Each structure stands twice: as structure tokens, then as C-alpha cells.
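With compact mmCIF, C-alpha atoms and all ligand atoms inside, this is final_18.txt:
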```txt
# COMPACT_ATOMS: atom_id res chain seq x y z
CA MET T 587 -17.15 -4.43 3.73
CA SER T 588 -19.13 -7.64 3.26
CA ASP T 589 -20.47 -6.57 -0.17
CA ALA T 590 -17.03 -5.59 -1.46
CA VAL T 591 -15.00 -7.76 -3.79
CA GLU T 592 -12.39 -9.45 -1.66
CA LEU T 593 -9.09 -10.60 -3.13
CA PRO T 594 -6.54 -12.73 -1.27
CA LEU T 595 -3.29 -10.85 -0.80
CA CYS T 596 -0.89 -12.87 1.34
CA ASP T 597 -0.50 -15.14 4.31
CA ALA T 598 -0.80 -13.02 7.46
CA ARG T 599 2.50 -14.46 8.73
CA ALA T 600 4.26 -12.79 5.82
CA LEU T 601 3.71 -9.43 7.53
CA GLU T 602 5.79 -9.11 10.68
CA GLU T 603 5.49 -6.12 12.96
CA GLY T 604 7.66 -3.35 11.54
CA GLY T 605 8.95 -5.74 8.89
CA ARG T 606 9.14 -5.97 5.17
CA ALA T 607 6.01 -5.04 3.25
CA TRP T 608 4.09 -7.15 0.80
CA VAL T 609 4.18 -5.36 -2.55
CA TRP T 610 1.71 -6.11 -5.32
CA GLU T 611 0.55 -4.79 -8.66
CA VAL T 612 -2.59 -2.72 -9.00
CA GLN T 613 -3.89 -0.07 -11.34
CA GLU T 614 -5.30 3.31 -10.51
CA TYR T 615 -7.59 4.81 -13.15
CA GLY T 616 -6.17 2.20 -15.51
CA ARG T 617 -2.52 3.13 -14.89
CA PRO T 618 -0.29 0.38 -13.51
CA LEU T 619 1.47 0.95 -10.21
CA ARG T 620 2.25 -0.93 -7.04
CA ALA T 621 0.73 -1.00 -3.60
CA PHE T 622 2.21 -2.27 -0.36
CA ALA T 623 0.88 -3.75 2.85
CA LEU T 624 2.73 -3.80 6.15
CA ARG T 625 2.04 -4.46 9.79
CA PHE T 626 2.23 -1.67 12.33
CA GLY T 627 0.72 -1.66 15.84
CA GLY T 628 -0.50 -5.17 15.14
CA GLN T 629 -2.70 -3.97 12.26
CA VAL T 630 -2.21 -4.50 8.56
CA ARG T 631 -2.15 -1.21 6.64
CA ALA T 632 -1.84 -0.73 2.91
CA TYR T 633 -1.12 2.20 0.62
CA LEU T 634 -0.23 2.94 -2.95
CA ASN T 635 3.53 2.94 -3.36
CA ARG T 636 3.66 6.56 -4.43
CA CYS T 637 5.22 9.41 -2.53
CA VAL T 638 3.20 12.58 -2.05
CA HIS T 639 6.27 14.74 -2.80
CA VAL T 640 7.05 13.36 -6.25
CA PRO T 641 4.92 10.54 -7.63
CA THR T 642 7.55 7.83 -7.39
CA GLU T 643 7.99 4.57 -5.49
CA MET T 644 9.35 4.95 -1.99
CA ASP T 645 10.96 1.68 -0.86
CA TRP T 646 14.74 1.78 -0.42
CA GLN T 647 14.96 -1.95 -1.09
CA PRO T 648 12.06 -3.93 -2.51
CA GLY T 649 9.42 -4.04 0.24
CA GLU T 650 11.48 -2.00 2.71
CA PHE T 651 9.55 1.10 3.75
CA PHE T 652 10.29 1.47 7.46
CA ASP T 653 13.01 3.68 8.87
CA THR T 654 15.76 2.12 10.98
CA ASP T 655 13.64 2.42 14.16
CA ARG T 656 10.75 0.63 12.42
CA ARG T 657 8.52 3.50 13.49
CA TRP T 658 7.88 5.53 10.33
CA ILE T 659 7.38 4.90 6.68
CA ILE T 660 10.15 6.84 4.98
CA CYS T 661 10.58 7.67 1.32
CA SER T 662 14.00 6.65 0.05
CA ILE T 663 14.21 9.55 -2.40
CA HIS T 664 14.17 12.69 -0.21
CA GLY T 665 13.17 11.37 3.20
CA ALA T 666 9.49 12.26 3.44
CA THR T 667 8.18 10.54 6.56
CA TYR T 668 4.69 9.09 7.00
CA GLU T 669 2.69 7.75 9.92
CA PRO T 670 2.21 4.02 9.21
CA ALA T 671 -1.18 3.95 10.95
CA ASP T 672 -2.88 6.42 8.61
CA GLY T 673 -0.40 7.47 5.92
CA ARG T 674 -0.27 11.07 7.11
CA CYS T 675 2.90 13.05 6.34
CA VAL T 676 4.75 13.81 9.56
CA GLY T 677 8.02 15.21 8.21
CA GLY T 678 10.03 16.04 5.15
CA PRO T 679 8.81 17.38 1.82
CA CYS T 680 5.34 15.77 1.79
CA ALA T 681 3.73 18.81 3.47
CA ARG T 682 0.16 18.02 4.52
CA GLY T 683 -0.15 15.13 2.14
CA ARG T 684 -1.18 11.61 2.91
CA LEU T 685 -0.46 8.27 1.27
CA LYS T 686 -3.45 6.89 -0.60
CA PRO T 687 -4.83 3.95 1.38
CA VAL T 688 -5.87 0.59 0.01
CA ALA T 689 -8.52 -1.27 1.98
CA VAL T 690 -7.26 -4.49 3.57
CA ALA T 691 -8.47 -6.93 6.19
CA GLU T 692 -6.94 -9.85 8.03
CA ARG T 693 -9.00 -12.95 8.77
CA ASP T 694 -8.16 -16.54 9.66
CA GLY T 695 -4.49 -16.12 8.90
CA GLN T 696 -5.04 -14.52 5.51
CA VAL T 697 -4.78 -10.92 4.38
CA TYR T 698 -7.28 -9.68 1.77
CA TRP T 699 -7.50 -6.47 -0.18
CA TYR T 700 -10.54 -4.71 -1.56
CA PRO T 701 -10.48 -3.00 -4.93
CA SER T 702 -12.27 0.32 -5.13
CA ARG T 703 -13.62 2.41 -7.97
CA ASP T 704 -10.14 3.97 -8.35
CA ILE T 705 -7.85 1.08 -7.46
CA GLN T 706 -8.28 -2.21 -9.27
CA PRO T 707 -6.27 -5.36 -9.88
CA PRO T 708 -4.18 -5.25 -13.06
CA SER T 709 -6.40 -7.83 -14.75
CA ALA T 710 -9.42 -5.57 -14.44
CA ASP T 711 -8.64 -3.76 -17.69
CA PRO T 712 -11.84 -3.06 -19.57
CA ALA T 713 -12.26 -5.11 -22.71
CA PRO T 714 -11.08 -3.28 -25.83
CA ALA T 715 -13.81 -1.71 -27.92
CA GLY T 716 -15.40 -4.19 -30.26
CA THR T 717 -14.62 -7.23 -28.10
CA PRO T 718 -17.71 -9.31 -27.35
CA PRO T 719 -18.51 -9.59 -23.61
S1 LIG T 801 10.00 11.66 -3.77
FE1 LIG T 801 9.54 11.02 -1.75
S2 LIG T 801 10.44 12.55 -0.54
FE2 LIG T 801 10.77 13.26 -2.54
```

Once you've parsed the file, please lay out its structure as C-alpha cells.
Ligand code: FES
Amino acid sequence: MSDAVELPLCDARALEEGGRAWVWEVQEYGRPLRAFALRFGGQVRAYLNRCVHVPTEMDWQPGEFFDTDRRWIICSIHGATYEPADGRCVGGPCARGRLKPVAVAERDGQVYWYPSRDIQPPSADPAPAGTPP
């Protein structure tokens, strides 16, 4: 990951085990949406905030994705349940789907995220046609 563009996301202390997620703006194929990062099993994980069942945001309060046991990511709309470690659907109407991951890393008390070909920061809009570089 050393060649990848690395963008600061949040202070690592902002992500408590099983706690509230850090939500931020991204774009996928140029369309704005949000992503979220949370801590589970000591590791920071991040996904697009988009349920596999219906493409809508999942948090039941801003940044709240965990169920009451702080074990699963649960969609507030119809209760699809996902494994926080890998985004895999484990129950409810998400079938064999999986949340789309966003690459993140934690280093020296800071969490970073890594844009990909598909997922970019909102400011990465291509310049309109006719605009000089
Ligand atoms: S929209 Fe998430 S379970 Fe239906």
C-alpha cells in the first residue's frame, strides 16, 4: 500500500471498539455517497454506507451501525446483518452480498484511507471539459 495515495481520516482514538463509526464523504464512479470506518476486534474496518438489500444508508443514528450487542453491523431499514470484520452478509435480506470495503490503515495514532479507482474523495471530480489543466 506504500504507493497508494493516503488520506488522513481521523484520530485513531475516535474509533472505540464496537463504538460509533466515523462517517465521511466519498464518491463512487463520480456519484456522491458516504463511507464509514469503525473498530472491531481491535482493527479499523471501513465500508461504503450502502446496504446490499436496497442501496440506502444503514445507520440508525448518524454513525451508529452496530447492533445492541456491538457484535454485528445491522441495517436500520430491514435488519440485514453484516460481519464487521469482512462485510459479509450473515442474516436478513442481504443474501450472499457483502458491503463494499474501503481500504484503511492505522498508524501512529492516525487512521488513513486509500482511494481506489472506484472510490475517490469528493474533491476528485474531473475538471469540466474545456477547463485548462
Ligand atoms: S435496506 Fe438494508 S436491510 Fe433493507

* Asked: Between T:Asn635, T:Gln629, T:Gln613, T:Ser662, which one has atoms that come closest to ligand LIG 801 (chain T), using all atoms listed in the file?
  ->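 Nearest candidate to ligand LIG 801 (chain T) out of T:Asn635, T:Gln629, T:Gln613, T:Ser662: T:Ser662.
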
* **For atom CA of Leu595 of chain T and atom FE2 of ligand LIG 801 (chain T), the interatomic separation in Å (one decimal)** =>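 Taking atom CA of Leu595 of chain T and atom FE2 of ligand LIG 801 (chain T), their separation equals 28.0 Å.
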
* To do: List all protein, DNA and RNA residues that have any atom at most 6 Å from ligand LIG 801 (chain T), counting all atoms listed in the file, and write the list as a PyMOL selection string.
  => chain T and resi 637+639-640+642+661+663-666+679

* Counting all atoms listed in the file, figure out which residue out of T:Gly677, T:Gly627, T:Gly605, T:Pro687 gets nearest to Phe651 of chain T. => T:Gly605

* To do: Determine the nearest neighbour of Arg636 of chain T from the options T:Pro701, T:Gly604, T:Pro594, T:Gly683, counting all atoms listed in the file.
  =>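 Among the listed residues, the smallest separation from Arg636 of chain T belongs to T:Gly683.
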
* Between atom CA of Pro707 of chain T and atom CA of Gly695 of chain T, what is the spacing in Å? ->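 Those two atoms sit 21.7 Å apart.
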
* Asked: What's the 7 Å shell around Glu669 of chain T, counting all atoms listed in the file, without same-chain residues fewer than 6 positions away, as number ranges by chain?
  -> T: 658-659, 675-676

* **Distance query Leu634 of chain T at most 7 Å, all atoms listed in the file, self and fewer than 2 positions along chain excluded, as a ChimeraX atom specification** => /T:620-622,636,685-688

* To do: Find the residues near Arg617 of chain T: any atom within 12 Å, counting only C-alpha atoms, skip ones fewer than 5 places away on the same chain, and give them as a list in words.
  =>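 Skipping anything fewer than 5 positions along the chain leaves Glu611, Val612, Asp704, Ile705, Gln706, Pro707, Pro708, Ser709, Ala710 and Asp711 of chain T.
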
* **Pick from T:Ile660, T:Leu601, T:Gln647, T:Leu619 nearest to Arg674 of chain T, counting all atoms listed in the file** => T:Ile660

* To do: Grab the atom CA of Arg625 of chain T to atom CA of Glu603 of chain T distance for me, in Å with one decimal place.
  =>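 Value for the atom CA of Arg625 of chain T-atom CA of Glu603 of chain T distance: 5.0 Å.
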
* Asked: Which polymer residues have any atom within 12 Å of an atom of Gln696 of chain T, counting all atoms listed in the file, with same-chain residues fewer than 5 positions away left out, as a ChimeraX atom specification?
  -> /T:592-601,630,690-691

* To do: Name the closest residue to Glu650 of chain T among the candidates T:Ala607, T:Ala632, T:Ala689, T:Ala681; distances are taken between atoms, counting only C-alpha atoms.
  =>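 Closest to Glu650 of chain T of all the choices is T:Ala607.
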
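Nearest residue to Arg606 of chain T, choosing from T:Tyr698, T:Arg703, T:Leu624, T:Val591 and counting all atoms listed in the file: T:Leu624.
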
Using the atoms already present, construct all heavy atoms for segment 685-696 of chain T and hand them back as a CSV table (one decimal), in the coordinates of the input.
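See out-v1.csv below for the written result:
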```csv
chain,number,residue,atom,x,y,z
T,685,LEU,N,-0.5,9.4,2.2
T,685,LEU,CA,-0.5,8.3,1.3
T,685,LEU,C,-1.9,7.8,1.0
T,685,LEU,O,-2.8,7.9,1.9
T,685,LEU,CB,0.3,7.1,1.9
T,685,LEU,CG,1.8,7.4,2.2
T,685,LEU,CD1,2.5,6.2,2.9
T,685,LEU,CD2,2.6,7.8,0.9
T,686,LYS,N,-2.1,7.3,-0.2
T,686,LYS,CA,-3.4,6.9,-0.6
T,686,LYS,C,-3.7,5.5,-0.1
T,686,LYS,O,-2.9,4.6,-0.5
T,686,LYS,CB,-3.6,6.9,-2.1
T,686,LYS,CG,-5.0,6.6,-2.5
T,686,LYS,CD,-5.4,7.1,-3.9
T,686,LYS,CE,-6.8,6.8,-4.3
T,686,LYS,NZ,-7.2,7.4,-5.6
T,687,PRO,N,-4.7,5.3,0.8
T,687,PRO,CA,-4.8,4.0,1.4
T,687,PRO,C,-5.5,3.0,0.4
T,687,PRO,O,-6.2,3.3,-0.5
T,687,PRO,CB,-5.8,4.2,2.6
T,687,PRO,CG,-6.5,5.5,2.2
T,687,PRO,CD,-5.6,6.3,1.3
T,688,VAL,N,-5.2,1.7,0.7
T,688,VAL,CA,-5.9,0.6,0.0
T,688,VAL,C,-6.5,-0.2,1.1
T,688,VAL,O,-5.9,-0.5,2.1
T,688,VAL,CB,-4.9,-0.3,-0.8
T,688,VAL,CG1,-5.6,-1.5,-1.4
T,688,VAL,CG2,-4.1,0.5,-1.8
T,689,ALA,N,-7.8,-0.5,0.9
T,689,ALA,CA,-8.5,-1.3,2.0
T,689,ALA,C,-8.0,-2.7,2.1
T,689,ALA,O,-7.9,-3.4,1.1
T,689,ALA,CB,-10.0,-1.3,1.7
T,690,VAL,N,-7.7,-3.1,3.3
T,690,VAL,CA,-7.3,-4.5,3.6
T,690,VAL,C,-7.9,-5.0,4.8
T,690,VAL,O,-8.4,-4.2,5.6
T,690,VAL,CB,-5.7,-4.6,3.8
T,690,VAL,CG1,-5.0,-4.3,2.4
T,690,VAL,CG2,-5.2,-3.6,4.8
T,691,ALA,N,-8.0,-6.3,5.0
T,691,ALA,CA,-8.5,-6.9,6.2
T,691,ALA,C,-7.7,-8.2,6.4
T,691,ALA,O,-7.2,-8.8,5.5
T,691,ALA,CB,-10.0,-7.2,6.1
T,692,GLU,N,-7.6,-8.6,7.7
T,692,GLU,CA,-6.9,-9.8,8.0
T,692,GLU,C,-8.0,-10.8,8.7
T,692,GLU,O,-8.7,-10.3,9.6
T,692,GLU,CB,-5.8,-9.5,9.0
T,692,GLU,CG,-5.0,-10.7,9.5
T,692,GLU,CD,-3.8,-10.3,10.3
T,692,GLU,OE1,-3.7,-9.1,10.7
T,692,GLU,OE2,-3.0,-11.1,10.7
T,693,ARG,N,-8.0,-12.0,8.2
T,693,ARG,CA,-9.0,-13.0,8.8
T,693,ARG,C,-8.5,-14.4,8.6
T,693,ARG,O,-8.0,-14.8,7.5
T,693,ARG,CB,-10.3,-12.8,8.0
T,693,ARG,CG,-11.5,-13.5,8.6
T,693,ARG,CD,-12.8,-13.3,7.9
T,693,ARG,NE,-12.8,-13.9,6.6
T,693,ARG,CZ,-12.7,-13.2,5.5
T,693,ARG,NH1,-12.7,-11.9,5.5
T,693,ARG,NH2,-12.7,-13.8,4.3
T,694,ASP,N,-8.5,-15.1,9.7
T,694,ASP,CA,-8.2,-16.5,9.7
T,694,ASP,C,-6.8,-16.8,9.0
T,694,ASP,O,-6.6,-17.7,8.2
T,694,ASP,CB,-9.2,-17.4,8.9
T,694,ASP,CG,-10.6,-17.3,9.6
T,694,ASP,OD1,-10.6,-17.1,10.8
T,694,ASP,OD2,-11.6,-17.3,8.9
T,695,GLY,N,-5.9,-15.9,9.4
T,695,GLY,CA,-4.5,-16.1,8.9
T,695,GLY,C,-4.2,-15.7,7.5
T,695,GLY,O,-3.2,-16.0,6.9
T,696,GLN,N,-5.2,-15.0,6.9
T,696,GLN,CA,-5.0,-14.5,5.5
T,696,GLN,C,-5.3,-13.0,5.5
T,696,GLN,O,-6.2,-12.5,6.2
T,696,GLN,CB,-6.1,-15.3,4.6
T,696,GLN,CG,-6.1,-14.8,3.2
T,696,GLN,CD,-4.9,-15.3,2.4
T,696,GLN,OE1,-4.4,-16.4,2.6
T,696,GLN,NE2,-4.4,-14.4,1.5
```
